[in-house]
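K.L.:
You'll find run32.cif just under this line, and it carries mmCIF, C-alpha atoms (C1' of nucleotides).
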```
data_run
#
loop_
_atom_site.label_atom_id
_atom_site.label_comp_id
_atom_site.auth_asym_id
_atom_site.auth_seq_id
_atom_site.Cartn_x
_atom_site.Cartn_y
_atom_site.Cartn_z
CA MET A 1 12.30 -2.60 14.37
CA ASN A 2 15.44 -4.15 15.73
CA PRO A 3 18.96 -2.78 15.40
CA MET A 4 20.60 -2.79 12.00
CA PRO A 5 23.32 -5.21 10.92
CA GLN A 6 26.94 -5.15 11.92
CA PRO A 7 28.38 -6.02 8.52
CA ASN A 8 28.10 -3.20 6.02
CA LEU A 9 25.10 -4.47 4.14
CA MET A 10 23.46 -1.09 3.95
CA PRO A 11 23.75 0.88 0.71
CA THR A 12 24.94 3.97 2.56
CA PRO A 13 28.56 4.94 1.75
CA GLU A 14 29.84 5.03 5.31
CA GLY A 15 28.05 3.70 8.33
CA GLN A 16 26.80 7.08 9.52
CA ALA A 17 24.41 6.42 12.35
CA ARG A 18 21.91 9.13 11.41
CA ASN A 19 21.79 7.88 7.86
CA GLU A 20 21.00 4.36 8.92
CA GLU A 21 18.36 5.59 11.30
CA VAL A 22 16.48 7.20 8.43
CA PHE A 23 16.43 3.96 6.44
CA ARG A 24 15.58 1.86 9.45
CA THR A 25 12.69 4.11 10.41
CA ALA A 26 11.45 4.28 6.83
CA ALA A 27 11.45 0.50 6.58
CA SER A 28 9.50 0.23 9.81
CA LEU A 29 6.88 2.74 8.74
CA MET A 30 6.49 1.21 5.31
CA VAL A 31 6.01 -2.23 6.78
CA GLN A 32 3.19 -0.83 8.90
CA ARG A 33 1.49 1.47 6.40
CA GLY A 34 2.84 0.41 3.02
CA TYR A 35 4.99 2.45 0.67
CA ALA A 36 2.25 4.63 -0.76
CA GLY A 37 0.69 5.00 2.68
CA THR A 38 3.87 6.40 4.20
CA SER A 39 4.57 10.07 3.50
CA MET A 40 7.89 11.83 3.74
CA GLY A 41 6.23 13.96 6.39
CA ASP A 42 5.48 10.87 8.47
CA LEU A 43 9.07 9.75 8.11
CA ALA A 44 10.48 13.18 8.96
CA GLU A 45 8.39 13.35 12.10
CA ALA A 46 9.29 9.81 13.17
CA VAL A 47 12.98 10.50 12.80
CA GLY A 48 12.77 13.96 14.35
CA MET A 49 13.62 16.08 11.35
CA THR A 50 11.95 18.25 8.73
CA LYS A 51 11.08 16.92 5.30
CA ALA A 52 13.81 19.02 3.73
CA GLY A 53 16.38 17.61 6.12
CA LEU A 54 15.62 14.09 4.97
CA TYR A 55 16.77 14.85 1.47
CA HIS A 56 20.32 15.21 2.67
CA HIS A 57 20.22 11.46 3.39
CA ILE A 58 18.18 10.13 0.50
CA LYS A 59 17.80 10.80 -3.19
CA SER A 60 14.08 10.16 -3.44
CA LYS A 61 11.34 8.16 -1.80
CA GLN A 62 11.45 5.58 -4.56
CA GLU A 63 15.21 5.22 -4.37
CA MET A 64 14.88 4.71 -0.65
CA LEU A 65 12.46 1.81 -1.13
CA PHE A 66 14.85 0.29 -3.64
CA GLU A 67 17.76 0.48 -1.25
CA ILE A 68 15.72 -0.99 1.58
CA LEU A 69 14.83 -3.97 -0.59
CA GLN A 70 18.43 -4.32 -1.75
CA PHE A 71 19.48 -4.30 1.88
CA ALA A 72 17.00 -7.05 2.71
CA MET A 73 18.38 -9.20 -0.09
CA ASN A 74 21.95 -8.49 1.05
CA VAL A 75 21.04 -9.85 4.44
CA MET A 76 19.42 -12.90 2.90
CA GLU A 77 22.46 -13.70 0.81
CA HIS A 78 24.84 -13.10 3.66
CA GLU A 79 22.93 -14.92 6.38
CA VAL A 80 20.94 -17.59 4.57
CA ILE A 81 22.38 -18.42 1.17
CA GLU A 82 26.07 -18.23 1.96
CA PRO A 83 26.00 -20.33 5.16
CA THR A 84 23.97 -23.11 3.53
CA ARG A 85 25.28 -23.45 0.02
CA GLY A 86 28.08 -25.76 1.09
CA ILE A 87 25.71 -28.35 2.54
CA ALA A 88 25.79 -31.46 0.37
CA ASP A 89 22.62 -33.20 1.54
CA PRO A 90 19.63 -31.42 -0.05
CA GLU A 91 17.33 -32.20 2.86
CA GLN A 92 19.71 -30.70 5.37
CA ARG A 93 20.33 -27.75 3.07
CA LEU A 94 16.61 -27.04 2.81
CA ARG A 95 16.06 -27.43 6.53
CA ASN A 96 18.79 -24.95 7.27
CA MET A 97 17.69 -22.45 4.64
CA ILE A 98 14.21 -22.31 6.10
CA ARG A 99 15.47 -22.23 9.66
CA LEU A 100 17.93 -19.43 8.99
CA HIS A 101 15.40 -17.50 6.94
CA VAL A 102 12.93 -17.47 9.82
CA ARG A 103 15.63 -16.52 12.28
CA VAL A 104 16.76 -13.67 10.06
CA LEU A 105 13.22 -12.30 10.20
CA PHE A 106 13.50 -11.96 13.94
CA LYS A 107 17.11 -10.93 14.15
CA HIS A 108 16.68 -7.93 11.89
CA GLY A 109 13.07 -7.18 12.67
CA LEU A 110 12.55 -8.25 9.13
CA GLU A 111 8.98 -7.82 8.58
CA LEU A 112 11.03 -6.48 5.71
CA THR A 113 9.72 -9.49 3.83
CA LEU A 114 6.39 -7.75 3.84
CA LEU A 115 7.89 -4.96 1.76
CA PHE A 116 8.64 -7.12 -1.26
CA PRO A 117 5.22 -6.75 -2.85
CA GLU A 118 5.89 -3.00 -2.70
CA ARG A 119 8.43 -3.39 -5.44
CA ARG A 120 5.52 -2.64 -7.76
CA HIS A 121 6.09 1.00 -6.85
CA LEU A 122 9.61 0.97 -8.31
CA GLU A 123 10.52 1.84 -11.88
CA PRO A 124 10.84 -1.23 -14.15
CA PRO A 125 14.65 -1.45 -14.15
CA GLN A 126 14.85 -1.43 -10.35
CA GLN A 127 11.82 -3.68 -10.12
CA GLU A 128 13.62 -6.14 -12.37
CA ILE A 129 16.74 -6.19 -10.20
CA ILE A 130 14.77 -7.04 -7.08
CA TRP A 131 12.71 -9.61 -8.93
CA GLN A 132 15.84 -11.38 -10.17
CA ARG A 133 17.39 -11.55 -6.74
CA VAL A 134 14.20 -12.99 -5.23
CA ASP A 135 13.89 -15.46 -8.08
CA ARG A 136 17.47 -16.55 -7.64
CA TYR A 137 16.73 -17.30 -4.02
CA GLN A 138 13.61 -19.24 -4.92
CA GLY A 139 15.69 -21.10 -7.49
CA LEU A 140 17.83 -22.48 -4.68
CA LEU A 141 14.72 -23.99 -3.12
CA ARG A 142 13.78 -25.52 -6.47
CA THR A 143 17.27 -26.93 -6.95
CA SER A 144 17.25 -28.62 -3.56
CA MET A 145 13.86 -30.12 -4.32
CA ARG A 146 15.09 -31.39 -7.68
CA GLU A 147 17.98 -33.11 -5.93
CA LEU A 148 15.57 -34.66 -3.46
CA ALA A 149 13.51 -35.91 -6.38
CA GLU A 150 16.57 -37.58 -7.89
CA GLN A 151 17.10 -39.37 -4.61
CA GLY A 152 13.48 -40.53 -4.67
CA LYS A 153 12.73 -38.59 -1.50
CA LEU A 154 10.32 -36.05 -2.93
CA ARG A 155 6.57 -36.45 -3.05
CA GLU A 156 4.83 -36.18 -6.39
CA LEU A 157 4.36 -32.44 -6.60
CA ASP A 158 4.90 -29.39 -8.77
CA ILE A 159 8.22 -27.94 -7.68
CA ASN A 160 7.34 -24.38 -8.70
CA VAL A 161 4.14 -24.43 -6.69
CA ALA A 162 5.86 -25.99 -3.70
CA ALA A 163 8.64 -23.39 -3.77
CA SER A 164 6.17 -20.53 -3.67
CA HIS A 165 4.23 -22.22 -0.90
CA ILE A 166 7.35 -22.55 1.21
CA LEU A 167 8.26 -18.91 0.75
CA GLN A 168 4.72 -17.90 1.61
CA THR A 169 4.71 -19.75 4.91
CA ILE A 170 7.91 -17.97 5.87
CA ALA A 171 6.76 -14.53 4.77
CA GLY A 172 3.48 -15.05 6.58
CA ILE A 173 5.24 -15.35 9.92
CA ALA A 174 5.77 -11.61 9.98
CA ARG A 175 2.07 -11.08 9.35
CA TRP A 176 0.57 -13.62 11.73
CA HIS A 177 3.16 -13.81 14.46
CA PRO A 178 4.72 -10.36 14.83
CA GLN A 179 7.83 -10.20 16.92
CA GLY A 180 7.65 -11.04 20.55
CA ARG A 181 3.93 -11.68 20.87
CA GLY A 182 2.61 -15.21 20.70
CA VAL A 183 4.80 -18.12 19.78
CA ALA A 184 8.51 -17.96 20.53
CA GLU A 185 11.11 -17.54 17.83
CA ALA A 186 12.80 -20.94 18.09
CA LEU A 187 9.49 -22.77 18.15
CA LEU A 188 8.27 -20.83 15.14
CA ALA A 189 11.40 -21.65 13.19
CA GLU A 190 11.16 -25.38 13.92
CA GLN A 191 7.43 -25.49 13.24
CA THR A 192 7.97 -23.86 9.87
CA VAL A 193 10.85 -26.16 8.96
CA ASN A 194 8.83 -29.24 9.88
CA PHE A 195 5.62 -28.04 8.23
CA ASN A 196 7.32 -27.52 4.91
CA LEU A 197 9.50 -30.60 4.96
CA SER A 198 6.57 -32.78 5.89
CA ALA A 199 4.74 -31.22 2.95
CA ILE A 200 7.37 -32.16 0.40
CA LEU A 201 9.21 -35.25 1.72
CA LYS A 202 8.04 -38.79 1.08
CA ASP A 203 7.22 -40.86 4.18
CA SER A 204 8.93 -38.69 6.85
CA MET B 1 -11.17 -9.14 -12.69
CA ASN B 2 -13.88 -11.63 -13.36
CA PRO B 3 -17.61 -10.99 -13.19
CA MET B 4 -19.25 -10.39 -9.86
CA PRO B 5 -21.41 -12.93 -8.03
CA GLN B 6 -24.97 -13.87 -8.86
CA PRO B 7 -26.27 -14.01 -5.31
CA ASN B 8 -26.60 -10.63 -3.67
CA LEU B 9 -23.40 -10.67 -1.68
CA MET B 10 -22.54 -7.11 -2.52
CA PRO B 11 -23.28 -4.43 0.05
CA THR B 12 -25.06 -2.29 -2.51
CA PRO B 13 -28.78 -1.83 -1.86
CA GLU B 14 -30.02 -3.09 -5.20
CA GLY B 15 -27.98 -4.88 -7.81
CA GLN B 16 -27.46 -1.82 -9.96
CA ALA B 17 -24.97 -2.76 -12.65
CA ARG B 18 -23.13 0.56 -12.63
CA ASN B 19 -22.77 0.45 -8.88
CA GLU B 20 -21.21 -2.99 -8.94
CA GLU B 21 -18.88 -1.97 -11.74
CA VAL B 22 -17.43 0.76 -9.55
CA PHE B 23 -16.71 -1.65 -6.72
CA ARG B 24 -15.37 -4.31 -9.05
CA THR B 25 -13.02 -1.87 -10.76
CA ALA B 26 -11.89 -0.41 -7.45
CA ALA B 27 -11.06 -3.87 -6.14
CA SER B 28 -9.06 -4.64 -9.24
CA LEU B 29 -7.06 -1.41 -9.07
CA MET B 30 -6.41 -1.77 -5.37
CA VAL B 31 -5.13 -5.30 -5.82
CA GLN B 32 -2.63 -4.00 -8.37
CA ARG B 33 -1.54 -0.76 -6.73
CA GLY B 34 -2.66 -1.06 -3.13
CA TYR B 35 -5.26 1.05 -1.35
CA ALA B 36 -3.10 4.09 -0.75
CA GLY B 37 -1.63 3.79 -4.22
CA THR B 38 -5.02 3.97 -5.90
CA SER B 39 -6.57 7.43 -6.24
CA MET B 40 -10.19 8.24 -6.84
CA GLY B 41 -9.01 9.84 -10.06
CA ASP B 42 -7.55 6.54 -11.23
CA LEU B 43 -10.80 4.82 -10.38
CA ALA B 44 -12.93 7.45 -12.09
CA GLU B 45 -10.90 7.17 -15.26
CA ALA B 46 -10.96 3.37 -15.24
CA VAL B 47 -14.72 3.32 -14.86
CA GLY B 48 -15.27 6.14 -17.34
CA MET B 49 -16.63 8.80 -15.03
CA THR B 50 -15.54 11.94 -13.24
CA LYS B 51 -14.39 11.86 -9.64
CA ALA B 52 -17.52 13.69 -8.56
CA GLY B 53 -19.69 11.15 -10.31
CA LEU B 54 -18.18 8.36 -8.23
CA TYR B 55 -19.49 9.83 -5.04
CA HIS B 56 -23.00 9.09 -6.08
CA HIS B 57 -22.09 5.41 -5.72
CA ILE B 58 -19.84 5.42 -2.70
CA LYS B 59 -19.63 7.21 0.62
CA SER B 60 -15.86 7.48 0.85
CA LYS B 61 -12.73 5.72 -0.29
CA GLN B 62 -12.32 4.10 3.10
CA GLU B 63 -15.91 2.91 3.20
CA MET B 64 -15.43 1.42 -0.24
CA LEU B 65 -12.45 -0.63 0.94
CA PHE B 66 -14.48 -1.81 3.90
CA GLU B 67 -17.32 -2.94 1.69
CA ILE B 68 -14.98 -4.70 -0.71
CA LEU B 69 -13.50 -6.68 2.17
CA GLN B 70 -16.94 -7.42 3.54
CA PHE B 71 -17.92 -8.67 0.11
CA ALA B 72 -14.90 -10.94 -0.03
CA MET B 73 -15.85 -12.45 3.33
CA ASN B 74 -19.45 -12.85 2.18
CA VAL B 75 -18.20 -14.91 -0.74
CA MET B 76 -16.01 -16.99 1.54
CA GLU B 77 -18.85 -17.78 3.88
CA HIS B 78 -21.24 -18.52 1.07
CA GLU B 79 -18.93 -20.59 -1.11
CA VAL B 80 -16.45 -22.16 1.28
CA ILE B 81 -17.77 -22.28 4.83
CA GLU B 82 -21.38 -23.11 4.16
CA PRO B 83 -20.79 -25.95 1.66
CA THR B 84 -18.27 -27.68 3.93
CA ARG B 85 -19.56 -27.27 7.45
CA GLY B 86 -21.78 -30.31 7.15
CA ILE B 87 -18.88 -32.65 6.39
CA ALA B 88 -18.37 -34.97 9.34
CA ASP B 89 -14.87 -36.25 8.59
CA PRO B 90 -12.37 -33.53 9.53
CA GLU B 91 -9.88 -34.58 6.88
CA GLN B 92 -12.44 -34.39 4.11
CA ARG B 93 -13.75 -31.12 5.52
CA LEU B 94 -10.28 -29.60 5.45
CA ARG B 95 -9.54 -30.89 1.98
CA ASN B 96 -12.72 -29.35 0.66
CA MET B 97 -12.25 -26.04 2.44
CA ILE B 98 -8.84 -25.59 0.89
CA ARG B 99 -9.99 -26.79 -2.52
CA LEU B 100 -13.00 -24.49 -2.56
CA HIS B 101 -11.00 -21.57 -1.23
CA VAL B 102 -8.52 -21.84 -4.09
CA ARG B 103 -11.30 -22.22 -6.62
CA VAL B 104 -13.06 -19.16 -5.25
CA LEU B 105 -9.90 -17.18 -5.90
CA PHE B 106 -10.12 -17.98 -9.57
CA LYS B 107 -13.89 -17.85 -9.92
CA HIS B 108 -14.14 -14.29 -8.63
CA GLY B 109 -10.76 -13.09 -9.74
CA LEU B 110 -10.10 -12.97 -6.07
CA GLU B 111 -6.74 -11.65 -5.79
CA LEU B 112 -9.12 -10.01 -3.33
CA THR B 113 -7.23 -12.02 -0.74
CA LEU B 114 -4.36 -9.68 -1.37
CA LEU B 115 -6.47 -6.80 -0.11
CA PHE B 116 -6.79 -8.11 3.41
CA PRO B 117 -3.57 -6.60 4.67
CA GLU B 118 -5.02 -3.28 3.48
CA ARG B 119 -7.46 -3.38 6.33
CA ARG B 120 -4.82 -1.42 8.20
CA HIS B 121 -6.14 1.62 6.33
CA LEU B 122 -9.60 1.26 7.93
CA GLU B 123 -10.72 2.91 11.13
CA PRO B 124 -10.40 0.64 14.19
CA PRO B 125 -14.09 -0.36 14.43
CA GLN B 126 -14.23 -1.49 10.80
CA GLN B 127 -10.79 -3.05 11.07
CA GLU B 128 -12.05 -5.06 13.99
CA ILE B 129 -15.06 -6.38 12.09
CA ILE B 130 -12.90 -7.67 9.24
CA TRP B 131 -10.39 -9.12 11.64
CA GLN B 132 -13.09 -11.06 13.48
CA ARG B 133 -14.51 -12.53 10.30
CA VAL B 134 -11.06 -13.66 9.13
CA ASP B 135 -10.31 -15.09 12.54
CA ARG B 136 -13.58 -16.98 12.57
CA TYR B 137 -12.60 -18.56 9.28
CA GLN B 138 -9.17 -19.47 10.58
CA GLY B 139 -10.89 -20.93 13.62
CA LEU B 140 -12.62 -23.46 11.40
CA LEU B 141 -9.22 -24.67 10.22
CA ARG B 142 -8.08 -24.97 13.81
CA THR B 143 -11.20 -26.89 14.81
CA SER B 144 -10.73 -29.41 12.03
CA MET B 145 -7.13 -29.90 13.05
CA ARG B 146 -8.15 -30.40 16.66
CA GLU B 147 -10.57 -33.11 15.59
CA LEU B 148 -7.81 -34.75 13.57
CA ALA B 149 -5.61 -34.68 16.64
CA GLU B 150 -8.28 -36.45 18.67
CA GLN B 151 -8.34 -39.16 16.04
CA GLY B 152 -4.58 -39.50 16.28
CA LYS B 153 -4.15 -38.41 12.69
CA LEU B 154 -2.37 -35.10 13.26
CA ARG B 155 1.38 -34.65 13.37
CA GLU B 156 2.92 -33.08 16.43
CA LEU B 157 2.57 -29.42 15.57
CA ASP B 158 1.33 -26.08 16.82
CA ILE B 159 -2.19 -25.72 15.48
CA ASN B 160 -2.11 -21.93 15.42
CA VAL B 161 1.09 -21.85 13.41
CA ALA B 162 -0.18 -24.51 11.03
CA ALA B 163 -3.44 -22.64 10.46
CA SER B 164 -1.64 -19.48 9.48
CA HIS B 165 0.69 -21.42 7.22
CA ILE B 166 -2.23 -22.99 5.40
CA LEU B 167 -3.89 -19.64 4.85
CA GLN B 168 -0.63 -18.19 3.63
CA THR B 169 -0.14 -20.85 0.98
CA ILE B 170 -3.62 -20.13 -0.35
CA ALA B 171 -3.25 -16.37 -0.29
CA GLY B 172 0.11 -16.67 -1.99
CA ILE B 173 -1.45 -18.26 -5.05
CA ALA B 174 -2.75 -14.88 -6.16
CA ARG B 175 0.73 -13.45 -5.84
CA TRP B 176 2.81 -16.18 -7.43
CA HIS B 177 0.39 -17.65 -9.92
CA PRO B 178 -1.85 -14.84 -11.16
CA GLN B 179 -4.88 -15.92 -13.12
CA GLY B 180 -4.41 -17.68 -16.42
CA ARG B 181 -0.66 -17.63 -16.64
CA GLY B 182 1.39 -20.58 -15.49
CA VAL B 183 -0.14 -23.52 -13.72
CA ALA B 184 -3.77 -24.38 -14.37
CA GLU B 185 -6.47 -23.78 -11.81
CA ALA B 186 -7.40 -27.39 -11.06
CA LEU B 187 -3.77 -28.42 -10.70
CA LEU B 188 -3.07 -25.49 -8.41
CA ALA B 189 -6.02 -26.37 -6.20
CA GLU B 190 -4.98 -30.02 -5.87
CA GLN B 191 -1.33 -29.14 -5.30
CA THR B 192 -2.30 -26.78 -2.52
CA VAL B 193 -4.64 -29.29 -0.91
CA ASN B 194 -1.99 -31.99 -0.99
CA PHE B 195 0.83 -29.74 0.17
CA ASN B 196 -1.03 -28.67 3.25
CA LEU B 197 -2.51 -32.04 4.13
CA SER B 198 0.86 -33.71 3.77
CA ALA B 199 2.22 -31.06 6.09
CA ILE B 200 -0.22 -31.77 8.89
CA LEU B 201 -1.32 -35.41 8.54
CA LYS B 202 0.55 -38.32 10.11
CA ASP B 203 1.87 -40.97 7.68
CA SER B 204 -0.18 -40.04 4.56
"C1'" DG C 1 -26.85 9.84 -12.34
"C1'" DT C 2 -23.38 12.56 -14.13
"C1'" DC C 3 -21.28 16.85 -14.91
"C1'" DT C 4 -18.21 21.47 -13.92
"C1'" DA C 5 -16.00 23.87 -10.57
"C1'" DT C 6 -13.74 24.35 -6.49
"C1'" DA C 7 -12.42 23.88 -1.81
"C1'" DA C 8 -8.85 22.60 1.44
"C1'" DA C 9 -5.38 19.72 2.64
"C1'" DC C 10 -1.43 16.93 1.56
"C1'" DG C 11 2.09 14.91 -1.62
"C1'" DG C 12 7.24 14.83 -3.06
"C1'" DA C 13 10.85 17.67 -3.87
"C1'" DT C 14 14.02 21.93 -4.16
"C1'" DA C 15 16.40 26.65 -3.05
"C1'" DG C 16 19.02 28.88 -0.19
"C1'" DA C 17 20.24 30.52 4.59
"C1'" DC C 18 22.81 29.11 8.68
"C1'" DG D 1 23.51 18.52 8.46
"C1'" DT D 2 19.43 20.78 9.37
"C1'" DC D 3 16.36 24.55 8.95
"C1'" DT D 4 12.56 27.92 6.80
"C1'" DA D 5 10.08 28.81 2.99
"C1'" DT D 6 8.05 27.58 -1.05
"C1'" DC D 7 6.71 25.39 -5.58
"C1'" DC D 8 3.36 22.89 -7.74
"C1'" DG D 9 0.93 18.88 -8.74
"C1'" DT D 10 -2.38 15.62 -6.55
"C1'" DT D 11 -5.60 14.18 -3.09
"C1'" DT D 12 -10.30 13.38 -1.08
"C1'" DA D 13 -14.47 15.31 -1.01
"C1'" DT D 14 -18.41 18.66 -1.68
"C1'" DA D 15 -21.71 22.23 -3.92
"C1'" DG D 16 -24.73 22.96 -7.20
"C1'" DA D 17 -26.20 22.92 -12.18
"C1'" DC D 18 -28.32 19.85 -15.67
#
```
If you convert what's in this file into structure tokens, what do you get?
P.N.:
Amino acid sequence: MNPMPQPNLMPTPEGQARNEEVFRTAASLMVQRGYAGTSMGDLAEAVGMTKAGLYHHIKSKQEMLFEILQFAMNVMEHEVIEPTRGIADPEQRLRNMIRLHVRVLFKHGLELTLLFPERRHLEPPQQEIIWQRVDRYQGLLRTSMRELAEQGKLRELDINVAASHILQTIAGIARWHPQGRGVAEALLAEQTVNFNLSAILKDS
Amino acid sequence: MNPMPQPNLMPTPEGQARNEEVFRTAASLMVQRGYAGTSMGDLAEAVGMTKAGLYHHIKSKQEMLFEILQFAMNVMEHEVIEPTRGIADPEQRLRNMIRLHVRVLFKHGLELTLLFPERRHLEPPQQEIIWQRVDRYQGLLRTSMRELAEQGKLRELDINVAASHILQTIAGIARWHPQGRGVAEALLAEQTVNFNLSAILKDS
DNA sequence: GTCTATAAACGGATAGAC
DNA sequence: GTCTATCCGTTTATAGAC
């Protein structure tokens, strides 16, 4: 994983370095082995501590997953949603959302996207919170597409299906093109922007 | 999950009904909770047996995952690759591969696609076998795109990136549009075909 | 082919000392 | 803030009876 963010997007009270290291390492392990496949023993060893020591930093394994997912959504809102919501032209807004989303994956080592299906291991109330935040993000894609449709620039397609397809291509980058190896970051971002806009825009 | 296949694509020696039920149920549980999140106790209960009884049908939990993934690839080869490899026109071949792939998802209740990331829980030799079969399938997408490029029909794009994007949109269907609810099967198949072909074809 | 019983290890989490 | 020690439920898997 890459270094954590500068702005205080982590759920930890104060930016204690050790604290962040625990969450960062946990996220990395869970991306590799899944939530259920990662034991507190694994985490303790990876971070150079005993299991008991961990519990000074976290409340429970489940709570930790929740906070990791909350963190990922904080980053998304701060680095994708906020910088693009002022863009008037829906095509440019979409292009930039996708581009920034892909770049965020690399910047934060955010195979974190791969952890979202793991929200099934949370209790329903926490599951619901994550689900709503993801759905709100997807809603922004749908809104941009609706605006494109009004301008007659959208192909004939189901907007809900297209929105999920777009998100899938982005999430898949972490699976198929893990950081560093293979295609370069900038190329990957542009390829993904173009792939998806070609898929939904008329003519183009 | 839906009923298992008629042709003998399962790894079980003879088509014993009970045997298949174990694998079918295991696949269903693992899709919902993940491999590590599914215990043999869960499986035993779901299939109406004791844990010990299960081991008459399977060698180990890991081996069972391996055979489920092998089964999924058997279906893919039998119902997607084989019926399309004779198609001369690369565009039509691609269209039909994607269409059949989506339809296979529904026909076999194949959220099975969602199990492929779980191959990380296999031992390296078995992991490698699954990886090669998936890569061979992806290679067919790449080949069709290369042929399209020769005919001047392909957009300027990275074929490797595009291939992974196509697979991701298909795999995502199981996640975003689980069986029955929401969009209908035929619509979903056509939407996915059109989305991806619009993404890669010139003009169109 | 399915059961009871059990082994042997591992899981998350806590108590209390330092 | 981290440790040792420990609780106790769960895990995969096997032995052996029926």
K.L.:
One number please: atom CA of A:Glu147 to atom CA of B:Gly172, in Å, one decimal.
P.N.:
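Between atom CA of A:Glu147 and atom CA of B:Gly172 the gap works out to 24.6 Å.
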K.L.:
Tell me which protein, DNA and RNA residues are within 12 Å of D:DT2, counting all atoms listed in the file, leaving out same-chain ones fewer than 6 positions away, and put them as a PyMOL selection string.
P.N.:
(chain A and resi 44+48-57) or (chain C and resi 17-18)
K.L.:
Distance cut-off 10 Å, counting all atoms listed in the file - which residues of chain D neighbour chain A? Return them as a list in words.
P.N.:
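For chain D, the answer reads DG1, DT2, DC3 and DT4 of chain D.
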K.L.:
Have a look at atom CA of B:Leu94 and atom CA of B:Leu65 and let me know their distance in Å, one decimal.
P.N.:
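Result for atom CA of B:Leu94 versus atom CA of B:Leu65: 29.4 Å, one decimal.
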K.L.:
Find the nearest atom pair between each residue of chain B and chain A for residues within 6 Å, count all atoms listed in the file, give distances in Å to one decimal, sort rows by chain and ascending number, and present the table as a tab-separated table.
P.N.:
```
residue	atom	partner	partner_atom	distance
B:Ala36	CA	A:Gly37	CA	5.2
B:Gly37	CA	A:Ala36	CA	5.3
B:His165	CA	A:Thr169	CA	4.9
B:Gln168	CA	A:Thr169	CA	5.7
B:Thr169	CA	A:His165	CA	5.0
B:Gly172	CA	A:Gln168	CA	6.0
B:Phe195	CA	A:Ala199	CA	5.0
B:Ser198	CA	A:Ala199	CA	4.7
B:Ala199	CA	A:Ala199	CA	4.0
```
K.L.:
Nearest to chain C: which of A:Leu69, A:Met97, A:Ile58, A:Val47 is it, counting only C-alpha atoms (C1' of nucleotides)?
P.N.:
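Comparing A:Leu69, A:Met97, A:Ile58, A:Val47 against chain C, the winner is A:Ile58.
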K.L.:
One number please: atom CA of B:Val31 to atom CA of B:Ile81, in Å, one decimal.
P.N.:
23.7 Å
K.L.:
Give as a PyMOL selection string every residue of chain A that touches chain C within 8 Å, counting all atoms listed in the file.
P.N.:
chain A and resi 39-40+61
K.L.:
Enumerate, as a count of residues only, the residues matched when the PyMOL selection byres ((chain B and resi 101) around 9) is run on the file above.
P.N.:
14
